[in-house]
>>> print(open('upload.csv').read())   # CSV, C-alpha atoms and all ligand atoms
chain,number,residue,atom,x,y,z
I,1,MET,CA,339.3,146.4,86.4
I,2,ARG,CA,340.2,144.0,89.2
I,3,LYS,CA,343.6,142.4,88.8
I,4,GLN,CA,344.8,139.1,90.1
I,5,SER,CA,346.9,140.1,93.0
I,6,LEU,CA,348.8,139.1,96.1
I,7,SER,CA,345.6,139.5,98.2
I,8,ARG,CA,343.8,137.0,96.0
I,9,THR,CA,346.6,134.5,96.4
I,10,CYS,CA,346.6,135.1,100.1
I,11,ALA,CA,342.9,134.7,100.4
I,12,ALA,CA,343.0,131.5,98.4
I,13,LEU,CA,345.8,130.4,100.7
I,14,ALA,CA,343.6,131.2,103.7
I,15,ALA,CA,340.9,129.1,102.2
I,16,VAL,CA,343.0,126.0,101.9
I,17,THR,CA,345.4,126.3,104.8
I,18,SER,CA,345.2,127.2,108.4
I,19,LEU,CA,344.3,130.8,108.9
I,20,ALA,CA,347.5,131.4,110.9
I,21,LEU,CA,349.7,130.0,108.2
I,22,ALA,CA,348.1,132.2,105.5
I,23,ALA,CA,348.4,135.2,107.7
I,24,THR,CA,352.1,134.6,108.3
I,25,ALA,CA,352.6,134.1,104.6
I,26,CYS,CA,350.7,137.3,103.7
I,27,GLY,CA,351.5,139.6,106.6
I,28,GLY,CA,354.9,140.8,105.3
I,29,THR,CA,355.5,143.8,103.2
I,30,THR,CA,356.3,143.1,99.6
I,31,LYS,CA,357.7,145.4,96.8
I,32,GLU,CA,354.2,145.4,95.3
I,33,ASP,CA,352.9,146.8,98.6
I,34,VAL,CA,355.5,149.5,98.7
I,35,ALA,CA,354.7,150.5,95.1
I,36,ASN,CA,351.0,150.7,96.2
I,37,GLU,CA,351.7,153.1,99.1
I,38,ASP,CA,349.0,155.4,97.7
I,39,ALA,CA,346.5,152.8,96.8
I,40,ALA,CA,343.8,154.7,98.6
I,41,ALA,CA,344.4,157.8,96.6
I,42,ALA,CA,344.7,155.9,93.4
I,43,THR,CA,341.3,154.2,93.7
I,44,ALA,CA,339.5,157.1,95.2
I,45,GLY,CA,339.0,159.3,92.1
I,46,LYS,CA,336.8,162.4,92.4
I,47,ALA,CA,333.7,162.6,94.6
I,48,ASP,CA,330.3,163.2,93.0
I,49,PRO,CA,328.0,164.3,95.8
I,50,ASP,CA,325.0,163.9,93.5
I,51,ALA,CA,325.8,160.3,92.4
I,52,PRO,CA,322.9,158.0,93.1
I,53,THR,CA,323.2,155.7,96.1
I,54,LYS,CA,324.0,152.3,94.7
I,55,LYS,CA,321.9,149.3,95.7
I,56,GLY,CA,322.8,145.6,95.8
I,57,LEU,CA,326.2,146.2,97.3
I,58,THR,CA,327.8,143.8,99.7
I,59,VAL,CA,329.5,145.3,102.8
I,60,GLY,CA,331.5,143.0,105.1
I,61,PHE,CA,331.9,143.9,108.7
I,62,LEU,CA,335.0,142.8,110.4
I,63,PRO,CA,334.9,143.7,114.2
I,64,LYS,CA,337.9,143.3,116.5
I,65,GLN,CA,336.0,140.4,118.0
I,66,VAL,CA,332.8,138.6,117.3
I,67,ASN,CA,330.6,137.6,120.2
I,68,ASN,CA,331.6,140.8,122.1
I,69,PRO,CA,328.2,142.4,123.0
I,70,TYR,CA,329.5,145.8,122.1
I,71,PHE,CA,330.3,144.7,118.5
I,72,THR,CA,327.1,142.7,118.3
I,73,VAL,CA,325.1,145.9,118.8
I,74,ALA,CA,327.4,148.0,116.5
I,75,ASP,CA,327.3,145.5,113.7
I,76,LYS,CA,323.5,145.1,114.0
I,77,GLY,CA,323.3,148.8,113.5
I,78,GLY,CA,325.3,148.4,110.3
I,79,GLU,CA,323.1,145.5,109.1
I,80,LYS,CA,319.9,147.5,109.7
I,81,ALA,CA,321.2,150.5,107.7
I,82,LEU,CA,322.4,148.3,104.8
I,83,LYS,CA,318.9,146.6,104.6
I,84,GLU,CA,317.3,150.1,104.5
I,85,LEU,CA,319.7,151.1,101.7
I,86,GLY,CA,319.0,147.9,99.6
I,87,SER,CA,322.4,146.4,100.1
I,88,ASP,CA,323.7,143.2,101.8
I,89,TYR,CA,325.6,142.8,105.0
I,90,LYS,CA,327.9,140.1,106.2
I,91,GLU,CA,330.0,139.7,109.3
I,92,VAL,CA,333.3,137.8,109.8
I,93,GLY,CA,335.9,138.1,112.5
I,94,PRO,CA,338.0,136.4,115.2
I,95,SER,CA,336.6,135.3,118.5
I,96,SER,CA,339.6,136.6,120.4
I,97,GLY,CA,340.5,140.3,120.8
I,98,THR,CA,344.2,139.6,120.2
I,99,ASP,CA,344.0,137.4,117.0
I,100,THR,CA,345.6,139.9,114.6
I,101,ALA,CA,346.7,137.2,112.2
I,102,GLY,CA,343.1,136.1,112.1
I,103,GLN,CA,341.9,139.6,111.2
I,104,VAL,CA,344.5,139.8,108.3
I,105,SER,CA,343.1,136.5,106.9
I,106,TYR,CA,339.5,137.8,107.1
I,107,VAL,CA,340.5,141.0,105.2
I,108,ASN,CA,342.0,138.8,102.5
I,109,THR,CA,339.0,136.5,102.4
I,110,LEU,CA,336.6,139.5,102.0
I,111,THR,CA,338.8,140.8,99.2
I,112,GLN,CA,338.7,137.5,97.4
I,113,GLN,CA,335.0,137.4,97.7
I,114,GLN,CA,334.9,140.8,96.0
I,115,VAL,CA,332.8,142.6,98.5
I,116,ASP,CA,332.2,146.2,97.5
I,117,ALA,CA,333.3,147.6,100.9
I,118,MET,CA,334.4,146.5,104.3
I,119,ALA,CA,334.1,148.1,107.7
I,120,VAL,CA,337.0,147.0,110.0
I,121,SER,CA,337.8,147.7,113.7
I,122,ALA,CA,341.6,147.2,113.8
I,123,GLN,CA,343.2,145.2,116.6
I,124,ASP,CA,346.5,146.6,115.6
I,125,PRO,CA,347.1,149.7,113.4
I,126,GLY,CA,350.0,148.5,111.3
I,127,ALA,CA,349.4,144.7,111.0
I,128,LEU,CA,346.3,145.1,108.7
I,129,CYS,CA,347.8,147.7,106.4
I,130,THR,CA,349.2,145.4,103.7
I,131,ALA,CA,346.0,143.5,103.4
I,132,LEU,CA,343.8,146.6,103.5
I,133,LYS,CA,345.9,148.3,100.8
I,134,GLN,CA,345.5,145.2,98.6
I,135,ALA,CA,341.7,145.4,99.2
I,136,MET,CA,341.6,149.0,98.1
I,137,LYS,CA,343.7,148.2,95.0
I,138,ASN,CA,341.2,145.6,94.1
I,139,GLY,CA,338.4,148.2,94.2
I,140,VAL,CA,337.1,147.4,97.7
I,141,LYS,CA,336.3,150.6,99.7
I,142,VAL,CA,337.7,150.4,103.2
I,143,VAL,CA,336.1,152.1,106.2
I,144,THR,CA,337.6,151.6,109.7
I,145,TYR,CA,335.2,152.0,112.7
I,146,ASP,CA,335.8,152.0,116.4
I,147,SER,CA,339.6,151.3,116.1
I,148,ASP,CA,341.6,152.8,113.2
I,149,THR,CA,344.5,151.6,111.1
I,150,ASN,CA,347.0,154.1,109.6
I,151,PRO,CA,345.2,156.7,107.5
I,152,GLU,CA,346.8,155.6,104.2
I,153,CYS,CA,345.5,152.1,104.8
I,154,ARG,CA,341.8,152.9,104.6
I,155,ASN,CA,339.5,155.4,102.8
I,156,ALA,CA,337.8,156.8,106.0
I,157,PHE,CA,337.6,156.2,109.7
I,158,VAL,CA,334.3,156.4,111.5
I,159,SER,CA,335.2,157.5,115.0
I,160,GLN,CA,333.0,157.0,118.1
I,161,ALA,CA,333.8,160.5,119.4
I,162,SER,CA,337.1,162.4,119.4
I,163,ALA,CA,339.8,160.5,121.2
I,164,ASP,CA,340.6,163.7,123.0
I,165,ALA,CA,337.1,164.1,124.5
I,166,LEU,CA,337.0,160.4,125.5
I,167,GLY,CA,340.4,160.3,127.1
I,168,ARG,CA,339.9,163.5,129.1
I,169,THR,CA,336.3,162.8,130.2
I,170,GLN,CA,337.2,159.4,131.7
I,171,VAL,CA,339.9,161.0,133.8
I,172,ARG,CA,337.5,163.8,134.9
I,173,LEU,CA,334.9,161.3,135.9
I,174,LEU,CA,337.3,159.3,138.0
I,175,ALA,CA,339.0,162.3,139.5
I,176,GLU,CA,335.6,163.6,140.7
I,177,GLN,CA,334.7,160.2,142.3
I,178,ILE,CA,338.0,160.0,144.2
I,179,GLY,CA,338.1,163.6,145.3
I,180,ASN,CA,341.1,164.4,143.1
I,181,LYS,CA,343.4,162.3,145.3
I,182,GLY,CA,345.1,158.9,145.3
I,183,GLU,CA,346.5,156.1,143.2
I,184,ILE,CA,344.7,155.0,140.0
I,185,ALA,CA,345.2,152.3,137.4
I,186,ILE,CA,344.0,151.7,133.9
I,187,LEU,CA,342.6,148.3,132.8
I,188,SER,CA,342.8,148.3,129.0
I,189,ALA,CA,342.1,145.7,126.2
I,190,ALA,CA,344.8,144.5,123.9
I,191,GLN,CA,348.2,146.2,124.2
I,192,THR,CA,348.2,146.9,120.4
I,193,ALA,CA,344.6,148.3,120.1
I,194,THR,CA,344.7,151.7,118.3
I,195,ASN,CA,341.7,153.1,120.0
I,196,GLN,CA,342.8,152.1,123.5
I,197,ASN,CA,346.3,153.4,123.1
I,198,ALA,CA,345.1,156.7,121.8
I,199,TRP,CA,342.8,157.2,124.8
I,200,ILE,CA,345.5,156.2,127.3
I,201,GLU,CA,347.9,158.8,125.8
I,202,ILE,CA,345.3,161.5,126.2
I,203,MET,CA,344.5,160.3,129.8
I,204,LYS,CA,348.2,160.6,130.7
I,205,ASP,CA,348.2,164.1,129.1
I,206,GLU,CA,345.1,165.1,131.0
I,207,LEU,CA,346.7,163.9,134.3
I,208,LYS,CA,349.5,166.5,133.8
I,209,ASP,CA,347.0,169.2,134.7
I,210,PRO,CA,348.1,170.7,138.1
I,211,LYS,CA,344.6,170.1,139.4
I,212,TYR,CA,345.4,166.3,139.4
I,213,LYS,CA,348.8,166.7,141.2
I,214,ASP,CA,347.6,164.4,144.0
I,215,ILE,CA,346.6,161.6,141.6
I,216,GLU,CA,349.2,159.1,140.6
I,217,LEU,CA,348.7,156.6,137.7
I,218,VAL,CA,350.5,153.5,139.0
I,219,GLU,CA,349.8,150.9,136.4
I,220,VAL,CA,348.3,150.2,133.0
I,221,ALA,CA,347.1,146.5,132.8
I,222,TYR,CA,345.8,144.6,129.8
I,223,GLY,CA,342.8,142.2,129.9
I,224,ASP,CA,342.8,141.6,126.1
I,225,ASP,CA,339.0,142.0,126.0
I,226,ASP,CA,338.8,138.6,127.6
I,227,ALA,CA,336.4,138.5,130.6
I,228,GLN,CA,338.5,136.1,132.7
I,229,LYS,CA,341.8,137.8,132.1
I,230,SER,CA,340.3,141.2,132.8
I,231,PHE,CA,338.8,139.9,136.1
I,232,GLN,CA,342.2,138.5,137.1
I,233,GLN,CA,344.0,141.7,136.1
I,234,THR,CA,341.7,143.7,138.4
I,235,GLN,CA,342.4,141.3,141.2
I,236,GLY,CA,346.1,141.7,140.5
I,237,LEU,CA,345.9,145.5,140.5
I,238,LEU,CA,344.4,145.5,143.9
I,239,GLN,CA,346.9,143.1,145.3
I,240,GLU,CA,349.8,145.0,143.9
I,241,HIS,CA,348.5,148.4,144.9
I,242,PRO,CA,346.7,148.1,148.3
I,243,GLY,CA,346.2,151.9,148.3
I,244,LEU,CA,344.5,152.0,144.9
I,245,LYS,CA,341.6,154.5,144.9
I,246,GLY,CA,340.2,154.0,141.4
I,247,ILE,CA,340.3,152.2,138.0
I,248,ILE,CA,339.5,153.5,134.5
I,249,SER,CA,338.6,150.7,132.1
I,250,PRO,CA,338.1,152.0,128.6
I,251,THR,CA,336.7,148.7,127.3
I,252,THR,CA,333.3,147.2,127.6
I,253,VAL,CA,334.7,143.8,128.4
I,254,GLY,CA,337.2,145.2,131.0
I,255,ILE,CA,334.8,147.5,132.9
I,256,LYS,CA,332.3,144.7,133.2
I,257,ALA,CA,334.8,142.2,134.5
I,258,ALA,CA,336.3,144.8,136.9
I,259,ALA,CA,332.8,145.7,138.2
I,260,GLN,CA,332.1,142.0,138.7
I,261,TYR,CA,335.3,141.6,140.8
I,262,LEU,CA,334.8,144.8,142.8
I,263,SER,CA,331.2,144.0,143.5
I,264,GLY,CA,332.0,140.7,145.2
I,265,SER,CA,335.0,142.1,147.1
I,266,LYS,CA,335.6,144.2,150.2
I,267,TYR,CA,336.5,147.1,147.8
I,268,LYS,CA,332.9,147.5,146.6
I,269,GLY,CA,332.0,151.2,146.5
I,270,LYS,CA,335.5,152.0,148.0
I,271,VAL,CA,337.6,151.6,145.0
I,272,LYS,CA,335.9,153.6,142.3
I,273,LEU,CA,335.5,152.3,138.7
I,274,THR,CA,334.7,154.2,135.5
I,275,GLY,CA,335.4,153.9,131.8
I,276,LEU,CA,333.5,152.7,128.8
I,277,GLY,CA,330.7,150.2,129.2
I,278,THR,CA,327.2,149.4,127.8
I,279,PRO,CA,324.2,150.3,130.0
I,280,ASN,CA,322.9,146.8,129.9
I,281,ASP,CA,326.2,145.3,131.1
I,282,MET,CA,326.6,147.9,133.8
I,283,ARG,CA,323.1,148.5,135.1
I,284,LYS,CA,323.4,145.9,137.9
I,285,TYR,CA,326.7,147.4,139.2
I,286,VAL,CA,325.3,151.0,139.1
I,287,LYS,CA,322.3,149.8,141.1
I,288,ASN,CA,324.3,147.9,143.7
I,289,GLY,CA,326.6,150.8,144.3
I,290,THR,CA,329.8,149.4,142.7
I,291,VAL,CA,329.9,152.0,139.9
I,292,GLU,CA,328.8,155.7,140.1
I,293,ALA,CA,329.1,156.8,136.5
I,294,PHE,CA,330.7,155.6,133.2
I,295,GLU,CA,330.2,156.6,129.6
I,296,LEU,CA,329.8,155.4,126.0
I,297,TRP,CA,328.4,156.4,122.6
I,298,ASP,CA,325.6,154.4,121.0
I,299,PRO,CA,327.3,151.5,119.3
I,300,ALA,CA,324.4,150.8,117.0
I,301,LYS,CA,324.7,154.4,115.6
I,302,LEU,CA,328.5,153.8,115.1
I,303,GLY,CA,327.7,150.7,113.1
I,304,GLU,CA,325.0,152.5,111.1
I,305,LEU,CA,327.4,155.4,110.3
I,306,ALA,CA,330.1,152.9,109.2
I,307,ALA,CA,327.6,151.2,106.9
I,308,ARG,CA,326.4,154.5,105.4
I,309,THR,CA,329.9,155.7,104.9
I,310,ALA,CA,330.8,152.5,103.1
I,311,VAL,CA,327.9,152.8,100.8
I,312,ALA,CA,328.6,156.5,100.1
I,313,LEU,CA,332.2,155.6,99.2
I,314,ALA,CA,331.1,152.7,97.0
I,315,SER,CA,328.6,155.0,95.3
I,316,GLY,CA,331.3,157.6,94.6
I,317,GLN,CA,329.5,160.3,96.6
I,318,ILE,CA,332.7,160.7,98.8
I,319,THR,CA,336.3,159.6,98.5
I,320,GLY,CA,337.4,160.1,102.1
I,321,LYS,CA,338.9,163.6,101.6
I,322,GLU,CA,338.6,166.3,104.2
I,323,GLY,CA,335.7,168.6,103.6
I,324,GLU,CA,333.5,166.2,101.6
I,325,THR,CA,329.9,165.8,103.0
I,326,PHE,CA,327.3,163.1,102.7
I,327,GLU,CA,323.8,162.3,103.9
I,328,ALA,CA,323.6,159.5,106.4
I,329,GLY,CA,319.9,159.0,106.3
I,330,ALA,CA,318.0,159.9,109.5
I,331,MET,CA,321.4,160.6,111.2
I,332,GLY,CA,321.7,163.7,109.0
I,333,GLU,CA,324.7,165.2,107.1
I,334,TYR,CA,328.3,164.3,108.1
I,335,THR,CA,331.5,166.1,107.0
I,336,ILE,CA,334.8,164.3,106.6
I,337,GLY,CA,337.5,165.8,108.8
I,338,GLU,CA,341.3,165.8,108.8
I,339,ASP,CA,342.9,162.5,107.8
I,340,GLY,CA,339.5,161.1,106.6
I,341,VAL,CA,338.0,161.0,110.1
I,342,ILE,CA,334.3,161.2,110.6
I,343,ASP,CA,333.2,161.8,114.2
I,344,LEU,CA,329.9,160.2,115.4
I,345,GLY,CA,329.3,162.8,118.1
I,346,GLU,CA,329.4,163.2,121.8
I,347,PRO,CA,329.5,160.3,124.3
I,348,THR,CA,326.8,159.9,126.9
I,349,VAL,CA,327.5,159.6,130.7
I,350,PHE,CA,325.4,157.0,132.4
I,351,ASP,CA,324.6,157.0,136.1
I,352,ALA,CA,321.8,155.8,138.5
I,353,GLU,CA,319.6,158.6,137.4
I,354,ASN,CA,319.5,158.0,133.6
I,355,ILE,CA,320.6,154.4,133.1
I,356,ASP,CA,317.1,152.9,132.8
I,357,ARG,CA,316.4,155.1,129.8
I,358,TYR,CA,318.9,153.1,127.8
I,359,ASP,CA,318.6,149.5,126.4
I,360,PHE,CA,321.8,148.4,124.6
Q,401,LIG,C1,335.5,147.0,123.7
Q,401,LIG,C2,336.5,147.1,122.6
Q,401,LIG,C3,336.1,148.3,121.7
Q,401,LIG,C4,335.9,149.6,122.4
Q,401,LIG,C5,334.8,149.4,123.4
Q,401,LIG,C6,334.6,150.6,124.3
Q,401,LIG,O1,334.3,146.4,123.3
Q,401,LIG,O2,337.8,147.3,123.1
Q,401,LIG,O3,337.2,148.5,120.7
Q,401,LIG,O4,335.6,150.7,121.6
Q,401,LIG,O5,335.2,148.3,124.3
>>> encode(input="upload.csv", output="structure tokens")
Amino acid sequence: MRKQSLSRTCAALAAVTSLALAATACGGTTKEDVANEDAAAATAGKADPDAPTKKGLTVGFLPKQVNNPYFTVADKGGEKALKELGSDYKEVGPSSGTDTAGQVSYVNTLTQQQVDAMAVSAQDPGALCTALKQAMKNGVKVVTYDSDTNPECRNAFVSQASADALGRTQVRLLAEQIGNKGEIAILSAAQTATNQNAWIEIMKDELKDPKYKDIELVEVAYGDDDAQKSFQQTQGLLQEHPGLKGIISPTTVGIKAAAQYLSGSKYKGKVKLTGLGTPNDMRKYVKNGTVEAFELWDPAKLGELAARTAVALASGQITGKEGETFEAGAMGEYTIGEDGVIDLGEPTVFDAENIDRYDF
């Protein structure tokens, strides 16, 4: 049974007041929230792998940022999968990659609308927890995709590839391009983003390997997934560090803005750039010699897997526990790993040789 709860009140508040006000009023931790620490476990029950796939469900997608081409592709993948499964899709979300209060309000609104499940890419791990726990307490299944919250604040996390693999391969790509020597910088997105920070930690760890002893990470800059800010941050990095040899930008918005800056500057081809980008954004810069190689997973597949995970949860086929398995349509069978994490698979490296084979 769904009880009237704090989240309902918050969502109602969000409907009648400014989003920021509602978020402030609802963002704090209450006694009720503390008592609901294990909301995920309480609503999860036992998995029945043979339960029929429910139809007519509504799954809300809440990306970090709408109008970000990466999330447009990812969420379209979710929409397509839901259509195939006979369920409904909706997308809500802030237009800025640093509007955490806005994300909290959208979680509350989706809860109030009694969606069956939501797929969320978290701008900040902790900030969404209270609202997500309330959602789960109200019977809404919560899947994070792309960027996780804390494990107890969702049922499962659909990860694009292991953070370990992504962090290390980006360092390896850049190290190769600069001949294992010189100053490098990172251009990230929001300072709070769970996925970005996880990758940056792994990059720092990878850099401890003696084979990188001549590489020095001189700065981590934040472009907030805002094209203009990322462009300016790139310019700033080059002014601050005239000897800079390379930049890693693990964000589609950041790498595109950095490529745009380098491409029109005297650094083109001299200062190397790699990271995570979409082939359609980066094609031009690979062809004009600004970028040698970068990587990404297929965002449409990530969105599809998030949608299929949400439906499997709402159908009772899985609860998010390690070891449970489910069928993700043509994508095949997936097994839930430690802490409720489901890995999509390996990322792809794009370069001049293969980039024209991809269109996203
Ligand atoms: C941006 C976002 C997103 C990240 C991609 C690679 O669009 O920061 O969270 O996964 O880049």
>>> residues_near_ligand(input="upload.csv", ligand="ligand LIG 401 (chain Q)", cutoff="9 Å", atoms="all atoms listed in the file", output="number ranges by chain")
I: 63-65, 68-71, 97, 121-123, 145-147, 160, 188-190, 193-196, 224-225, 249-255, 275-278, 296-297, 299
>>> closest_residue(input="upload.csv", among="I:Val73, I:Glu338, I:Ile248, I:Arg172", to="Asp359 of chain I", atoms="all atoms listed in the file")
I:Val73
>>> closest_residue(input="upload.csv", among="I:Gln235, I:Ser95, I:Thr53, I:Thr274", to="Gly329 of chain I", atoms="only C-alpha atoms")
I:Thr53
>>> closest_residue(input="upload.csv", among="I:Ala257, I:Ala306, I:Val311, I:Val286", to="Asp356 of chain I", atoms="all atoms listed in the file")
I:Val286
>>> atom_distance(input="upload.csv", atom1="atom CA of Gly77 of chain I", atom2="atom CA of Asp339 of chain I")
24.6 Å
>>> residues_around(input="upload.csv", residues="Asp75 of chain I", least_positions_apart="5", cutoff="7 Å", atoms="only C-alpha atoms", output="list in words")
Phe61, Ala300 and Gly303 of chain I
>>> write_last_selection(input="upload.csv", atoms="C-alpha atoms", output="PDB file, keeping the file's coordinate frame")
ATOM      1  CA  PHE I  61     331.900 143.900 108.700  1.00  0.00           C
ATOM      2  CA  ALA I 300     324.400 150.800 117.000  1.00  0.00           C
ATOM      3  CA  GLY I 303     327.700 150.700 113.100  1.00  0.00           C
TER       4      GLY I 303
END
>>> atom_distance(input="upload.csv", atom1="atom CA of Ile215 of chain I", atom2="atom CA of Gly179 of chain I")
9.5 Å
>>> atom_distance(input="upload.csv", atom1="atom CA of Lys268 of chain I", atom2="atom CA of Ser96 of chain I")
29.2 Å
>>> axis_aligned_box(input="upload.csv", around="segment 332-337 of chain I", padding_each_side="4 Å", output="lines of an AutoDock Vina configuration file")
center_x = 329.6
center_y = 164.9
center_z = 107.8
size_x = 23.8
size_y = 10.4
size_z = 10.4
>>> residues_around(input="upload.csv", residues="Val140 of chain I", least_positions_apart="6", cutoff="7 Å", atoms="only C-alpha atoms", output="list in words")
Thr111, Val115, Asp116 and Ala117 of chain I
>>> closest_residue(input="upload.csv", among="I:Lys266, I:Glu183, I:Ala74, I:Asn288", to="His241 of chain I", atoms="only C-alpha atoms")
I:Glu183
>>> residues_around(input="upload.csv", residues="Val104 of chain I", least_positions_apart="3", cutoff="6 Å", atoms="all atoms listed in the file", output="mmCIF file with C-alpha atoms, in the coordinates of the input")
data_model
loop_
_atom_site.group_PDB
_atom_site.id
_atom_site.type_symbol
_atom_site.label_atom_id
_atom_site.label_comp_id
_atom_site.auth_asym_id
_atom_site.auth_seq_id
_atom_site.Cartn_x
_atom_site.Cartn_y
_atom_site.Cartn_z
ATOM 1 C CA ALA I 101 346.700 137.200 112.200
ATOM 2 C CA VAL I 107 340.500 141.000 105.200
ATOM 3 C CA LEU I 128 346.300 145.100 108.700
#
>>> closest_residue(input="upload.csv", among="I:Ala312, I:Val341, I:Ala352, I:Leu273", to="Ile178 of chain I", atoms="all atoms listed in the file")
I:Leu273
>>> closest_residue(input="upload.csv", among="I:Val143, I:Asn108, I:Thr309, I:Gln228", to="Glu327 of chain I", atoms="only C-alpha atoms")
I:Thr309
>>> residues_around(input="upload.csv", residues="Ala165 of chain I", least_positions_apart="2", cutoff="9 Å", atoms="only C-alpha atoms", output="ChimeraX atom specification")
/I:161-163,167-170,199,202,346-347
>>> residues_near_point(input="upload.csv", point="(322.1, 147.3, 99.7)", cutoff="10 Å", atoms="only C-alpha atoms", output="JSON, numbers by chain")
{"I": [53, 54, 55, 56, 57, 58, 59, 79, 81, 82, 83, 84, 85, 86, 87, 88, 89, 307, 311]}
>>> residues_around(input="upload.csv", residues="Lys287 of chain I", least_positions_apart="2", cutoff="10 Å", atoms="all atoms listed in the file", output="list in words")
Met282, Arg283, Lys284, Tyr285, Gly289, Thr290, Val291, Glu292, Asp351, Ala352, Glu353 and Ile355 of chain I
>>> residues_near_point(input="upload.csv", point="(336.4, 155.7, 103.2)", cutoff="8 Å", atoms="all atoms listed in the file", output="VMD selection string")
chain I and resid 141 to 144 154 to 157 309 to 310 313 318 to 320 340
